[in-house]
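Participant: As input, take query_10.pdb (PDB, C-alpha atoms):
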```pdb
MODEL        1
ATOM      1  CA  MET A  71     -44.145-103.200  31.422
ATOM      2  CA  THR A  72     -40.897-101.262  31.920
ATOM      3  CA  HIS A  73     -38.106-103.084  33.718
ATOM      4  CA  ALA A  74     -35.787-100.732  35.624
ATOM      5  CA  LEU A  75     -32.315-101.533  36.913
ATOM      6  CA  ILE A  76     -31.273 -99.310  39.833
ATOM      7  CA  THR A  77     -27.589 -99.320  40.730
ATOM      8  CA  GLY A  78     -27.141 -98.336  44.359
ATOM      9  CA  GLY A  79     -30.767 -99.312  44.829
ATOM     10  CA  ALA A  80     -30.393-100.153  48.527
ATOM     11  CA  GLY A  81     -29.259 -96.614  49.226
ATOM     12  CA  PHE A  82     -31.379 -93.760  50.504
ATOM     13  CA  ILE A  83     -32.510 -92.345  47.148
ATOM     14  CA  GLY A  84     -32.360 -95.656  45.287
ATOM     15  CA  SER A  85     -34.715 -97.435  47.694
ATOM     16  CA  HIS A  86     -37.275 -94.624  47.429
ATOM     17  CA  LEU A  87     -37.000 -94.762  43.631
ATOM     18  CA  ALA A  88     -37.604 -98.519  43.734
ATOM     19  CA  GLU A  89     -40.787 -97.964  45.756
ATOM     20  CA  TYR A  90     -41.915 -95.223  43.354
ATOM     21  CA  LEU A  91     -41.468 -97.384  40.252
ATOM     22  CA  LEU A  92     -43.011-100.512  41.783
ATOM     23  CA  ALA A  93     -46.075 -98.489  42.828
ATOM     24  CA  ARG A  94     -46.497 -97.569  39.150
ATOM     25  CA  GLY A  95     -46.456-101.164  37.932
ATOM     26  CA  GLN A  96     -42.846-101.373  36.795
ATOM     27  CA  GLN A  97     -40.449-104.243  37.376
ATOM     28  CA  VAL A  98     -37.413-103.257  39.433
ATOM     29  CA  THR A  99     -34.028-104.905  39.869
ATOM     30  CA  VAL A 100     -31.661-103.461  42.455
ATOM     31  CA  ILE A 101     -27.913-103.992  42.541
ATOM     32  CA  ASP A 102     -25.944-102.746  45.543
ATOM     33  CA  ASN A 103     -22.778-103.885  47.318
ATOM     34  CA  LEU A 104     -24.066-102.440  50.625
ATOM     35  CA  SER A 105     -20.931-100.365  51.158
ATOM     36  CA  THR A 106     -23.108 -97.354  51.966
ATOM     37  CA  GLY A 107     -26.556 -98.729  51.143
ATOM     38  CA  ARG A 108     -28.426-100.825  53.688
ATOM     39  CA  PHE A 109     -30.421-103.990  53.064
ATOM     40  CA  GLU A 110     -32.951-102.700  55.605
ATOM     41  CA  ASN A 111     -33.929-100.039  53.052
ATOM     42  CA  ILE A 112     -35.282-102.659  50.633
ATOM     43  CA  ALA A 113     -36.118-105.561  52.967
ATOM     44  CA  HIS A 114     -39.781-104.570  53.018
ATOM     45  CA  LEU A 115     -39.894-104.933  49.219
ATOM     46  CA  GLU A 116     -38.993-108.632  49.264
ATOM     47  CA  GLY A 117     -41.911-110.619  47.872
ATOM     48  CA  THR A 118     -43.325-107.636  45.988
ATOM     49  CA  PRO A 119     -44.271-108.768  42.468
ATOM     50  CA  GLY A 120     -41.713-107.560  39.949
ATOM     51  CA  PHE A 121     -38.968-106.841  42.520
ATOM     52  CA  ARG A 122     -35.609-108.575  42.808
ATOM     53  CA  TYR A 123     -32.128-107.663  43.987
ATOM     54  CA  ALA A 124     -28.478-108.627  43.661
ATOM     55  CA  ILE A 125     -25.952-107.906  46.418
ATOM     56  CA  GLU A 126     -22.968-107.268  44.178
ATOM     57  CA  ASP A 127     -20.532-104.566  43.042
ATOM     58  CA  ILE A 128     -21.415-102.805  39.792
ATOM     59  CA  ARG A 129     -17.783-103.277  38.707
ATOM     60  CA  HIS A 130     -18.517-107.013  38.353
ATOM     61  CA  ALA A 131     -18.862-106.914  34.575
ATOM     62  CA  ALA A 132     -20.443-110.347  34.110
ATOM     63  CA  VAL A 133     -23.233-109.633  36.597
ATOM     64  CA  MET A 134     -23.886-106.218  35.080
ATOM     65  CA  ASP A 135     -24.022-107.739  31.599
ATOM     66  CA  ARG A 136     -26.825-110.074  32.618
ATOM     67  CA  LEU A 137     -28.810-107.467  34.531
ATOM     68  CA  VAL A 138     -28.511-104.798  31.840
ATOM     69  CA  SER A 139     -29.506-107.247  29.098
ATOM     70  CA  GLU A 140     -32.774-107.895  30.957
ATOM     71  CA  CYS A 141     -33.784-104.298  31.714
ATOM     72  CA  ASP A 142     -35.221-101.395  29.699
ATOM     73  CA  VAL A 143     -33.731 -98.472  31.607
ATOM     74  CA  ILE A 144     -30.800 -98.040  33.991
ATOM     75  CA  TYR A 145     -30.903 -95.588  36.877
ATOM     76  CA  HIS A 146     -27.237 -95.264  37.824
ATOM     77  CA  LEU A 147     -27.196 -94.049  41.435
ATOM     78  CA  ALA A 148     -24.315 -96.140  42.797
ATOM     79  CA  ALA A 149     -21.475 -93.941  44.051
ATOM     80  CA  ALA A 150     -19.283 -93.179  47.012
ATOM     81  CA  VAL A 151     -21.335 -90.691  49.023
ATOM     82  CA  GLY A 152     -20.969 -88.266  51.900
ATOM     83  CA  VAL A 153     -18.242 -85.852  52.902
ATOM     84  CA  PHE A 154     -16.795 -88.231  55.503
ATOM     85  CA  SER A 155     -16.390 -91.017  52.924
ATOM     86  CA  ILE A 156     -14.870 -88.637  50.394
ATOM     87  CA  VAL A 157     -12.290 -87.234  52.820
ATOM     88  CA  HIS A 158     -11.324 -90.507  54.452
ATOM     89  CA  SER A 159     -11.673 -92.975  51.531
ATOM     90  CA  PRO A 160     -10.402 -91.068  48.476
ATOM     91  CA  ILE A 161      -9.351 -94.203  46.551
ATOM     92  CA  ASP A 162     -12.807 -95.755  46.838
ATOM     93  CA  THR A 163     -14.368 -92.444  45.803
ATOM     94  CA  LEU A 164     -12.443 -92.350  42.542
ATOM     95  CA  GLU A 165     -12.499 -96.052  41.695
ATOM     96  CA  ILE A 166     -16.197 -96.589  42.415
ATOM     97  CA  ASN A 167     -17.455 -93.390  40.837
ATOM     98  CA  VAL A 168     -15.357 -93.516  37.681
ATOM     99  CA  GLY A 169     -14.829 -97.263  37.217
ATOM    100  CA  GLY A 170     -18.421 -98.119  38.070
ATOM    101  CA  THR A 171     -19.859 -95.576  35.651
ATOM    102  CA  GLU A 172     -17.571 -96.827  32.900
ATOM    103  CA  ILE A 173     -18.903-100.376  33.341
ATOM    104  CA  VAL A 174     -22.507 -99.123  33.315
ATOM    105  CA  LEU A 175     -22.040 -97.141  30.106
ATOM    106  CA  GLN A 176     -20.080 -99.865  28.310
ATOM    107  CA  THR A 177     -22.772-102.415  29.115
ATOM    108  CA  ALA A 178     -25.620-100.054  28.250
ATOM    109  CA  ARG A 179     -23.997 -99.447  24.875
ATOM    110  CA  ARG A 180     -23.817-103.204  24.224
ATOM    111  CA  TYR A 181     -27.587-103.534  24.627
ATOM    112  CA  ARG A 182     -28.689 -99.997  23.599
ATOM    113  CA  LYS A 183     -30.347 -99.244  26.934
ATOM    114  CA  ARG A 184     -31.631 -95.905  28.225
ATOM    115  CA  VAL A 185     -29.405 -94.581  31.048
ATOM    116  CA  LEU A 186     -29.997 -91.921  33.684
ATOM    117  CA  ILE A 187     -26.761 -90.906  35.431
ATOM    118  CA  ALA A 188     -26.966 -89.350  38.898
ATOM    119  CA  SER A 189     -24.386 -86.588  39.246
ATOM    120  CA  THR A 190     -24.165 -83.948  41.945
ATOM    121  CA  SER A 191     -24.226 -80.244  42.703
ATOM    122  CA  GLU A 192     -20.643 -80.746  43.900
ATOM    123  CA  VAL A 193     -19.518 -80.255  40.296
ATOM    124  CA  TYR A 194     -20.227 -76.518  40.675
ATOM    125  CA  GLY A 195     -17.399 -76.434  43.217
ATOM    126  CA  LYS A 196     -16.550 -72.978  44.524
ATOM    127  CA  GLY A 197     -18.647 -71.120  41.970
ATOM    128  CA  VAL A 198     -20.199 -67.907  43.259
ATOM    129  CA  LYS A 199     -22.788 -67.310  40.518
ATOM    130  CA  VAL A 200     -26.007 -68.179  42.345
ATOM    131  CA  PRO A 201     -28.298 -69.856  41.442
ATOM    132  CA  PHE A 202     -26.256 -72.467  39.585
ATOM    133  CA  SER A 203     -27.472 -73.315  36.093
ATOM    134  CA  GLU A 204     -26.495 -76.337  34.047
ATOM    135  CA  ASP A 205     -24.174 -74.501  31.631
ATOM    136  CA  ASP A 206     -22.301 -72.436  34.239
ATOM    137  CA  ASP A 207     -18.513 -72.597  34.476
ATOM    138  CA  ARG A 208     -17.118 -74.693  37.319
ATOM    139  CA  ILE A 209     -14.434 -73.755  39.856
ATOM    140  CA  LEU A 210     -12.780 -76.534  41.848
ATOM    141  CA  GLY A 211     -10.176 -76.408  44.559
ATOM    142  CA  PRO A 212      -6.654 -77.889  44.311
ATOM    143  CA  THR A 213      -5.951 -81.597  43.842
ATOM    144  CA  THR A 214      -4.131 -81.552  47.182
ATOM    145  CA  LYS A 215      -7.511 -81.236  48.912
ATOM    146  CA  SER A 216      -9.295 -84.607  48.869
ATOM    147  CA  ARG A 217     -12.557 -82.686  49.314
ATOM    148  CA  TRP A 218     -12.566 -82.083  45.548
ATOM    149  CA  SER A 219     -11.949 -85.671  44.405
ATOM    150  CA  TYR A 220     -15.667 -86.425  44.513
ATOM    151  CA  ALA A 221     -16.567 -83.441  42.323
ATOM    152  CA  ALA A 222     -13.820 -84.325  39.859
ATOM    153  CA  SER A 223     -14.966 -87.943  39.656
ATOM    154  CA  LYS A 224     -18.569 -86.936  38.975
ATOM    155  CA  GLU A 225     -17.443 -84.414  36.347
ATOM    156  CA  LEU A 226     -15.636 -87.239  34.586
ATOM    157  CA  ASP A 227     -18.820 -89.350  34.822
ATOM    158  CA  GLU A 228     -20.713 -86.567  33.065
ATOM    159  CA  PHE A 229     -18.079 -86.138  30.348
ATOM    160  CA  LEU A 230     -18.029 -89.892  29.770
ATOM    161  CA  ALA A 231     -21.823 -90.180  29.579
ATOM    162  CA  LEU A 232     -22.127 -87.269  27.158
ATOM    163  CA  ALA A 233     -19.307 -88.736  25.053
ATOM    164  CA  TYR A 234     -21.242 -92.006  24.746
ATOM    165  CA  HIS A 235     -24.297 -90.040  23.676
ATOM    166  CA  LYS A 236     -22.398 -88.003  21.114
ATOM    167  CA  ALA A 237     -20.237 -90.799  19.709
ATOM    168  CA  VAL A 238     -22.644 -93.756  19.624
ATOM    169  CA  ASN A 239     -26.026 -92.077  20.233
ATOM    170  CA  LEU A 240     -26.544 -93.797  23.597
ATOM    171  CA  PRO A 241     -29.739 -92.397  25.165
ATOM    172  CA  VAL A 242     -28.280 -90.761  28.282
ATOM    173  CA  THR A 243     -29.692 -88.181  30.705
ATOM    174  CA  ILE A 244     -27.671 -86.618  33.531
ATOM    175  CA  VAL A 245     -29.186 -85.231  36.727
ATOM    176  CA  ARG A 246     -27.270 -83.073  39.181
ATOM    177  CA  LEU A 247     -28.777 -83.751  42.578
ATOM    178  CA  PHE A 248     -28.635 -80.995  45.162
ATOM    179  CA  ASN A 249     -29.118 -81.791  48.866
ATOM    180  CA  THR A 250     -31.782 -84.504  49.069
ATOM    181  CA  VAL A 251     -33.273 -85.480  52.429
ATOM    182  CA  GLY A 252     -36.053 -87.597  53.860
ATOM    183  CA  PRO A 253     -36.900 -90.760  55.812
ATOM    184  CA  ARG A 254     -34.276 -93.557  55.823
ATOM    185  CA  GLN A 255     -31.349 -91.185  55.303
ATOM    186  CA  VAL A 256     -28.561 -91.786  57.815
ATOM    187  CA  GLY A 257     -25.971 -89.366  59.117
ATOM    188  CA  HIS A 258     -22.995 -91.743  59.051
ATOM    189  CA  TYR A 259     -21.514 -90.174  55.931
ATOM    190  CA  GLY A 260     -21.914 -86.516  56.825
ATOM    191  CA  MET A 261     -25.586 -85.972  55.882
ATOM    192  CA  VAL A 262     -26.538 -83.010  58.002
ATOM    193  CA  VAL A 263     -30.305 -83.305  58.569
ATOM    194  CA  PRO A 264     -30.396 -86.843  60.037
ATOM    195  CA  ARG A 265     -27.406 -85.978  62.231
ATOM    196  CA  PHE A 266     -29.200 -82.891  63.558
ATOM    197  CA  VAL A 267     -32.409 -84.842  64.168
ATOM    198  CA  ARG A 268     -30.596 -87.655  65.967
ATOM    199  CA  TRP A 269     -28.762 -85.222  68.254
ATOM    200  CA  ALA A 270     -31.927 -83.212  68.926
ATOM    201  CA  LEU A 271     -33.991 -86.277  69.846
ATOM    202  CA  ALA A 272     -31.222 -87.505  72.157
ATOM    203  CA  GLY A 273     -30.910 -84.091  73.812
ATOM    204  CA  GLU A 274     -27.247 -83.941  72.749
ATOM    205  CA  PRO A 275     -25.513 -80.805  71.419
ATOM    206  CA  ILE A 276     -26.365 -80.088  67.779
ATOM    207  CA  GLN A 277     -22.979 -79.656  66.113
ATOM    208  CA  VAL A 278     -22.835 -77.075  63.336
ATOM    209  CA  TYR A 279     -19.582 -77.129  61.371
ATOM    210  CA  GLY A 280     -17.863 -73.861  60.495
ATOM    211  CA  ASP A 281     -19.680 -70.627  61.336
ATOM    212  CA  GLY A 282     -23.080 -72.022  60.322
ATOM    213  CA  GLN A 283     -23.686 -69.272  57.774
ATOM    214  CA  GLN A 284     -23.106 -71.530  54.768
ATOM    215  CA  SER A 285     -26.464 -72.084  53.056
ATOM    216  CA  ARG A 286     -28.057 -75.023  51.262
ATOM    217  CA  CYS A 287     -31.401 -76.019  49.724
ATOM    218  CA  PHE A 288     -32.907 -79.302  50.931
ATOM    219  CA  ALA A 289     -35.294 -81.188  48.633
ATOM    220  CA  ASN A 290     -37.614 -83.943  49.790
ATOM    221  CA  VAL A 291     -36.625 -87.366  48.445
ATOM    222  CA  HIS A 292     -40.177 -88.068  47.218
ATOM    223  CA  ASP A 293     -40.078 -84.952  45.049
ATOM    224  CA  VAL A 294     -36.622 -85.900  43.770
ATOM    225  CA  VAL A 295     -37.451 -89.463  42.710
ATOM    226  CA  ASP A 296     -40.534 -88.166  40.911
ATOM    227  CA  ALA A 297     -38.277 -85.850  38.895
ATOM    228  CA  ILE A 298     -35.762 -88.636  38.191
ATOM    229  CA  ALA A 299     -38.395 -91.063  36.916
ATOM    230  CA  ARG A 300     -40.125 -88.459  34.773
ATOM    231  CA  LEU A 301     -36.849 -87.405  33.137
ATOM    232  CA  ALA A 302     -36.009 -91.041  32.352
ATOM    233  CA  ALA A 303     -39.304 -91.316  30.468
ATOM    234  CA  CYS A 304     -38.872 -88.049  28.545
ATOM    235  CA  ASN A 305     -37.270 -88.207  25.095
ATOM    236  CA  ALA A 306     -36.571 -84.462  25.181
ATOM    237  CA  ALA A 307     -34.273 -85.097  28.156
ATOM    238  CA  ILE A 308     -31.888 -87.364  26.202
ATOM    239  CA  GLY A 309     -28.403 -85.901  25.918
ATOM    240  CA  GLU A 310     -29.204 -83.195  28.484
ATOM    241  CA  VAL A 311     -28.131 -82.238  32.011
ATOM    242  CA  PHE A 312     -30.663 -81.186  34.650
ATOM    243  CA  ASN A 313     -30.471 -79.737  38.141
ATOM    244  CA  ILE A 314     -32.836 -81.388  40.633
ATOM    245  CA  GLY A 315     -33.324 -79.706  43.980
ATOM    246  CA  SER A 316     -35.224 -77.253  46.102
ATOM    247  CA  ASN A 317     -34.728 -73.512  45.892
ATOM    248  CA  GLU A 318     -35.777 -72.929  49.523
ATOM    249  CA  GLU A 319     -32.456 -71.628  50.873
ATOM    250  CA  VAL A 320     -31.520 -71.936  54.550
ATOM    251  CA  THR A 321     -28.272 -71.500  56.482
ATOM    252  CA  ILE A 322     -27.000 -74.514  58.375
ATOM    253  CA  TYR A 323     -27.385 -72.661  61.669
ATOM    254  CA  GLN A 324     -31.008 -71.854  60.770
ATOM    255  CA  LEU A 325     -31.483 -75.531  59.891
ATOM    256  CA  ALA A 326     -30.257 -76.514  63.351
ATOM    257  CA  GLU A 327     -32.704 -74.066  64.908
ATOM    258  CA  ARG A 328     -35.585 -75.470  62.840
ATOM    259  CA  VAL A 329     -34.733 -79.060  63.763
ATOM    260  CA  LYS A 330     -34.522 -78.054  67.417
ATOM    261  CA  ALA A 331     -37.937 -76.374  67.200
ATOM    262  CA  ARG A 332     -39.630 -79.236  65.273
ATOM    263  CA  THR A 333     -38.385 -81.815  67.789
ATOM    264  CA  GLY A 334     -39.080 -79.706  70.866
ATOM    265  CA  SER A 335     -35.500 -80.377  71.919
ATOM    266  CA  ALA A 336     -33.535 -78.579  74.607
ATOM    267  CA  SER A 337     -30.259 -79.356  72.823
ATOM    268  CA  GLU A 338     -27.592 -76.680  72.685
ATOM    269  CA  ILE A 339     -26.380 -75.599  69.234
ATOM    270  CA  VAL A 340     -22.577 -75.542  69.132
ATOM    271  CA  LEU A 341     -20.109 -74.484  66.421
ATOM    272  CA  ILE A 342     -17.317 -76.931  65.492
ATOM    273  CA  PRO A 343     -14.351 -75.775  63.343
ATOM    274  CA  TYR A 344     -14.013 -77.516  59.960
ATOM    275  CA  ASP A 345     -10.469 -78.597  60.779
ATOM    276  CA  GLN A 346     -11.807 -80.505  63.765
ATOM    277  CA  ALA A 347     -14.823 -81.960  61.954
ATOM    278  CA  TYR A 348     -13.121 -83.144  58.759
ATOM    279  CA  GLU A 349      -9.460 -82.405  58.054
ATOM    280  CA  VAL A 350      -7.007 -79.522  58.216
ATOM    281  CA  GLY A 351      -7.654 -77.076  55.391
ATOM    282  CA  PHE A 352     -11.124 -78.430  54.553
ATOM    283  CA  GLU A 353     -12.901 -76.162  52.062
ATOM    284  CA  ASP A 354     -16.658 -75.656  51.900
ATOM    285  CA  MET A 355     -19.039 -73.621  49.728
ATOM    286  CA  ARG A 356     -20.923 -70.655  51.149
ATOM    287  CA  ARG A 357     -24.069 -71.038  49.037
ATOM    288  CA  ARG A 358     -25.526 -73.890  47.004
ATOM    289  CA  VAL A 359     -28.750 -72.950  45.219
ATOM    290  CA  PRO A 360     -29.993 -74.614  42.008
ATOM    291  CA  ASP A 361     -31.554 -72.948  38.997
ATOM    292  CA  ILE A 362     -34.417 -75.366  38.265
ATOM    293  CA  SER A 363     -35.936 -73.479  35.338
ATOM    294  CA  LYS A 364     -34.684 -76.046  32.800
ATOM    295  CA  ILE A 365     -36.364 -79.071  34.391
ATOM    296  CA  GLU A 366     -39.524 -77.045  34.915
ATOM    297  CA  ARG A 367     -39.513 -76.073  31.254
ATOM    298  CA  VAL A 368     -38.947 -79.617  29.960
ATOM    299  CA  ILE A 369     -41.178 -81.742  32.233
ATOM    300  CA  GLY A 370     -43.060 -79.170  34.330
ATOM    301  CA  TRP A 371     -41.455 -80.280  37.608
ATOM    302  CA  ARG A 372     -41.060 -78.200  40.744
ATOM    303  CA  PRO A 373     -40.525 -79.369  44.336
ATOM    304  CA  THR A 374     -43.703 -79.228  46.395
ATOM    305  CA  THR A 375     -42.694 -80.338  49.912
ATOM    306  CA  PRO A 376     -41.684 -77.584  52.388
ATOM    307  CA  LEU A 377     -38.568 -78.158  54.479
ATOM    308  CA  ASP A 378     -40.500 -78.226  57.767
ATOM    309  CA  VAL A 379     -42.687 -81.059  56.432
ATOM    310  CA  THR A 380     -39.570 -82.976  55.405
ATOM    311  CA  ILE A 381     -38.024 -82.477  58.859
ATOM    312  CA  ASP A 382     -41.241 -83.785  60.435
ATOM    313  CA  GLN A 383     -41.093 -86.888  58.204
ATOM    314  CA  ILE A 384     -37.497 -87.566  59.271
ATOM    315  CA  VAL A 385     -38.350 -87.060  62.949
ATOM    316  CA  ALA A 386     -41.306 -89.460  62.645
ATOM    317  CA  HIS A 387     -39.077 -92.065  60.985
ATOM    318  CA  PHE A 388     -36.460 -91.852  63.748
ATOM    319  CA  ARG A 389     -39.132 -92.142  66.431
ATOM    320  CA  ALA A 390     -40.740 -95.110  64.679
ATOM    321  CA  GLN A 391     -37.332 -96.804  64.662
ATOM    322  CA  GLY A 392     -37.002 -96.155  68.383
ATOM    323  CA  GLU A 393     -34.043 -93.826  67.871
TER     324      GLU A 393
ENDMDL
END
```
Once more with this new file: its structure as structure tokens, please.

Facilitator:
Amino acid sequence: MTHALITGGAGFIGSHLAEYLLARGQQVTVIDNLSTGRFENIAHLEGTPGFRYAIEDIRHAAVMDRLVSECDVIYHLAAAVGVFSIVHSPIDTLEINVGGTEIVLQTARRYRKRVLIASTSEVYGKGVKVPFSEDDDRILGPTTKSRWSYAASKELDEFLALAYHKAVNLPVTIVRLFNTVGPRQVGHYGMVVPRFVRWALAGEPIQVYGDGQQSRCFANVHDVVDAIARLAACNAAIGEVFNIGSNEEVTIYQLAERVKARTGSASEIVLIPYDQAYEVGFEDMRRRVPDISKIERVIGWRPTTPLDVTIDQIVAHFRAQGE
């Protein structure tokens, strides 16, 4: 039986991954300091055979040493997340993302454990070659804009992981996650779909930042965790980088319209300038579309859940929570 350690396992994606692995007979240990994760995401797993958790920071080396020594594979999902967190807590963004990953890799090396590192589409920065493929050049904004600290920290995570693979043959796989959405995601940190759904259900104005013509691709979390787990079990994925995401492109204004339609809401859609929403001089990307041909070629994965179905799942979750 495989024993998985999920860092950030009480987060949105991590908790769904824990469910996925437990349903397939694996043992799962979650570590999370609950800075952005929520215990409510894993509370229903308490008492499940093979499941345990530790409420602790991954930078606690002694705790990580014990947990890593007992597992077979590490899914490293712990990170500072969300645009609001990145802009307003830049020190945490850098220290957690870089320092935490360093601890994970050092400990994995000690015990020769398989590691899957969750990176982000943010590393593509202001690139205009769409769709983005894994070997494309990257264009980031200036260091004076805190918006880019997250991308820089995740780039360093990737460089560090690949260095461990090259230098000491550590079995590492990197996944660049594009926008991932689904039930249990919260809008506190800037995640757009749960914010839109919450506003629509409350009949409040749906706030679209910028001109709304920036476009994204939203993948269902169940599709994403399936891809993550399959890559972690694939030897051909070792030492490689993979995009994971949907290629169903939609503008943010169109997304607001679809959420309004799926909820039957009478909410008004309003445009809010970036400077007002985040900070003066905030920079955003116009398009963010993944090239997923590599992951399809290696493990035969493609997303299967349409965006409207995902929106309906999120709406149902909010209603079930009485929100």

Participant: Write out as a compact mmCIF listing (two decimals) with C-alpha atoms, in the coordinates of the input which residues come within 6 Å of region 121-126 of chain A when counting all atoms listed in the file, dropping same-chain ones fewer than 2 positions away.

Facilitator:
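Ended up saving to selection_36.txt:
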```
# COMPACT_ATOMS: atom_id res chain seq x y z
CA GLN A 97 -40.45 -104.24 37.38
CA VAL A 98 -37.41 -103.26 39.43
CA THR A 99 -34.03 -104.90 39.87
CA VAL A 100 -31.66 -103.46 42.46
CA ILE A 101 -27.91 -103.99 42.54
CA ASP A 102 -25.94 -102.75 45.54
CA ASN A 103 -22.78 -103.88 47.32
CA THR A 118 -43.32 -107.64 45.99
CA PRO A 119 -44.27 -108.77 42.47
```

Participant: Here's the selection I'm unsure about, the PyMOL selection byres ((chain A and resi 295) around 10); applied to the file above, which residues does it give, as a PyMOL selection string?

Facilitator: chain A and resi 83-91+250+290-294+296-301+314

Participant: Please produce a file of the residues just selected, as a short mmCIF file (atom, residue, chain, number, x, y, z; two decimals), keeping the file's coordinate frame, where the atoms kept are C-alpha atoms.

Facilitator:
```cif
data_model
loop_
_atom_site.label_atom_id
_atom_site.label_comp_id
_atom_site.auth_asym_id
_atom_site.auth_seq_id
_atom_site.Cartn_x
_atom_site.Cartn_y
_atom_site.Cartn_z
CA ILE A 83 -32.51 -92.34 47.15
CA GLY A 84 -32.36 -95.66 45.29
CA SER A 85 -34.72 -97.44 47.69
CA HIS A 86 -37.28 -94.62 47.43
CA LEU A 87 -37.00 -94.76 43.63
CA ALA A 88 -37.60 -98.52 43.73
CA GLU A 89 -40.79 -97.96 45.76
CA TYR A 90 -41.92 -95.22 43.35
CA LEU A 91 -41.47 -97.38 40.25
CA THR A 250 -31.78 -84.50 49.07
CA ASN A 290 -37.61 -83.94 49.79
CA VAL A 291 -36.62 -87.37 48.44
CA HIS A 292 -40.18 -88.07 47.22
CA ASP A 293 -40.08 -84.95 45.05
CA VAL A 294 -36.62 -85.90 43.77
CA ASP A 296 -40.53 -88.17 40.91
CA ALA A 297 -38.28 -85.85 38.90
CA ILE A 298 -35.76 -88.64 38.19
CA ALA A 299 -38.40 -91.06 36.92
CA ARG A 300 -40.12 -88.46 34.77
CA LEU A 301 -36.85 -87.40 33.14
CA ILE A 314 -32.84 -81.39 40.63
#
```

Participant: At a cut-off of 10 Å, using all atoms listed in the file, what residues contact Gly273 (chain A)? Leave out same-chain residues fewer than 2 positions from it and give the result as a PDB file with C-alpha atoms, in the coordinates of the input.

Facilitator:
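Ended up saving to selection_0.pdb:
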```
ATOM      1  CA  VAL A 267     -32.409 -84.842  64.168  1.00  0.00           C
ATOM      2  CA  ARG A 268     -30.596 -87.655  65.967  1.00  0.00           C
ATOM      3  CA  TRP A 269     -28.762 -85.222  68.254  1.00  0.00           C
ATOM      4  CA  ALA A 270     -31.927 -83.212  68.926  1.00  0.00           C
ATOM      5  CA  LEU A 271     -33.991 -86.277  69.846  1.00  0.00           C
ATOM      6  CA  PRO A 275     -25.513 -80.805  71.419  1.00  0.00           C
ATOM      7  CA  ILE A 276     -26.365 -80.088  67.779  1.00  0.00           C
ATOM      8  CA  LYS A 330     -34.522 -78.054  67.417  1.00  0.00           C
ATOM      9  CA  THR A 333     -38.385 -81.815  67.789  1.00  0.00           C
ATOM     10  CA  GLY A 334     -39.080 -79.706  70.866  1.00  0.00           C
ATOM     11  CA  SER A 335     -35.500 -80.377  71.919  1.00  0.00           C
ATOM     12  CA  ALA A 336     -33.535 -78.579  74.607  1.00  0.00           C
ATOM     13  CA  SER A 337     -30.259 -79.356  72.823  1.00  0.00           C
ATOM     14  CA  GLU A 338     -27.592 -76.680  72.685  1.00  0.00           C
TER      15      GLU A 338
END
```

Participant: Let me know the residues the PyMOL selection byres ((chain A and resi 179) around 12) catches in the file above, as a ChimeraX atom specification.

Facilitator: /A:135,138-139,143-144,172-178,180-185,231,233-235,237-242

Participant: Just the number, please: distance in Å from CA of Leu325 (chain A) to CA of Gly282 (chain A), one decimal.

Facilitator: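 CA of Leu325 (chain A) sits 9.1 Å away from CA of Gly282 (chain A).
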
Participant: So how many Å separate CA of His146 (chain A) and CA of Ile369 (chain A), to one decimal?

Facilitator: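 So the answer is 20.2 Å.
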
Participant: How many Å separate CA of Lys364 (chain A) from CA of Ala306 (chain A)?

Facilitator: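 These two atoms are separated by 11.5 Å.
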
Participant: Evaluating the PyMOL selection byres ((chain A and resi 320) around 9) on the displayed file yields which residues, as a count of residues only?

Facilitator: 13

Participant: From the list A:Leu247, A:Glu116, A:Val193, A:Val256, which residue is nearest Gly81 (chain A) when using only C-alpha atoms?

Facilitator: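 That would be A:Val256, the residue with the smallest distance to Gly81 (chain A).
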
Participant: Restricting the calculation to all atoms listed in the file, which member of A:Gln391, A:Ile128, A:Leu147, A:Arg136 is positioned closest to Glu165 (chain A)?

Facilitator: A:Ile128

Participant: Counting all atoms listed in the file, what is within 8 Å of Val278 (chain A), bar same-chain residues fewer than 6 positions away, as a list in words?

Facilitator: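 Counting only the stated atoms, we get Ile322, Tyr323, Ala326, Ile339, Val340, Leu341 and Ile342 of chain A.
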
Participant: Kindly indicate which residue among A:Leu164, A:Val385, A:Ala307, A:Ala148 lies nearest to Ser189 (chain A), using only C-alpha atoms for the distances.

Facilitator: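 Ranked by minimum distance to Ser189 (chain A), first place goes to A:Ala148.
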
Participant: Of the candidates A:Pro360, A:Gly392, A:Gly78, A:Pro212, which shows the shortest atom-to-atom distance to Val200 (chain A), using all atoms listed in the file?

Facilitator: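 Under the stated criterion, the closest residue is A:Pro360.
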
Participant: Need the axis-aligned box for region 213-231 of chain A with 6 Å each side, so what are the centre and edges in Å to one decimal, as JSON?

Facilitator:
```
{"center_x": -13.0, "center_y": -85.7, "center_z": 39.4, "size_x": 29.7, "size_y": 20.9, "size_z": 31.7}
```

Participant: With all atoms listed in the file as the atoms that count, which of A:Arg265, A:Thr77, A:Ala149, A:Ile362 lies nearest to Glu204 (chain A)?

Facilitator: A:Ile362

Participant: Which one is closest to Leu230 (chain A): A:Ala74, A:Ala80, A:Val133, A:Ile187? Count all atoms listed in the file.

Facilitator: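 Of the candidates, the smallest distance to Leu230 (chain A) is held by A:Ile187.
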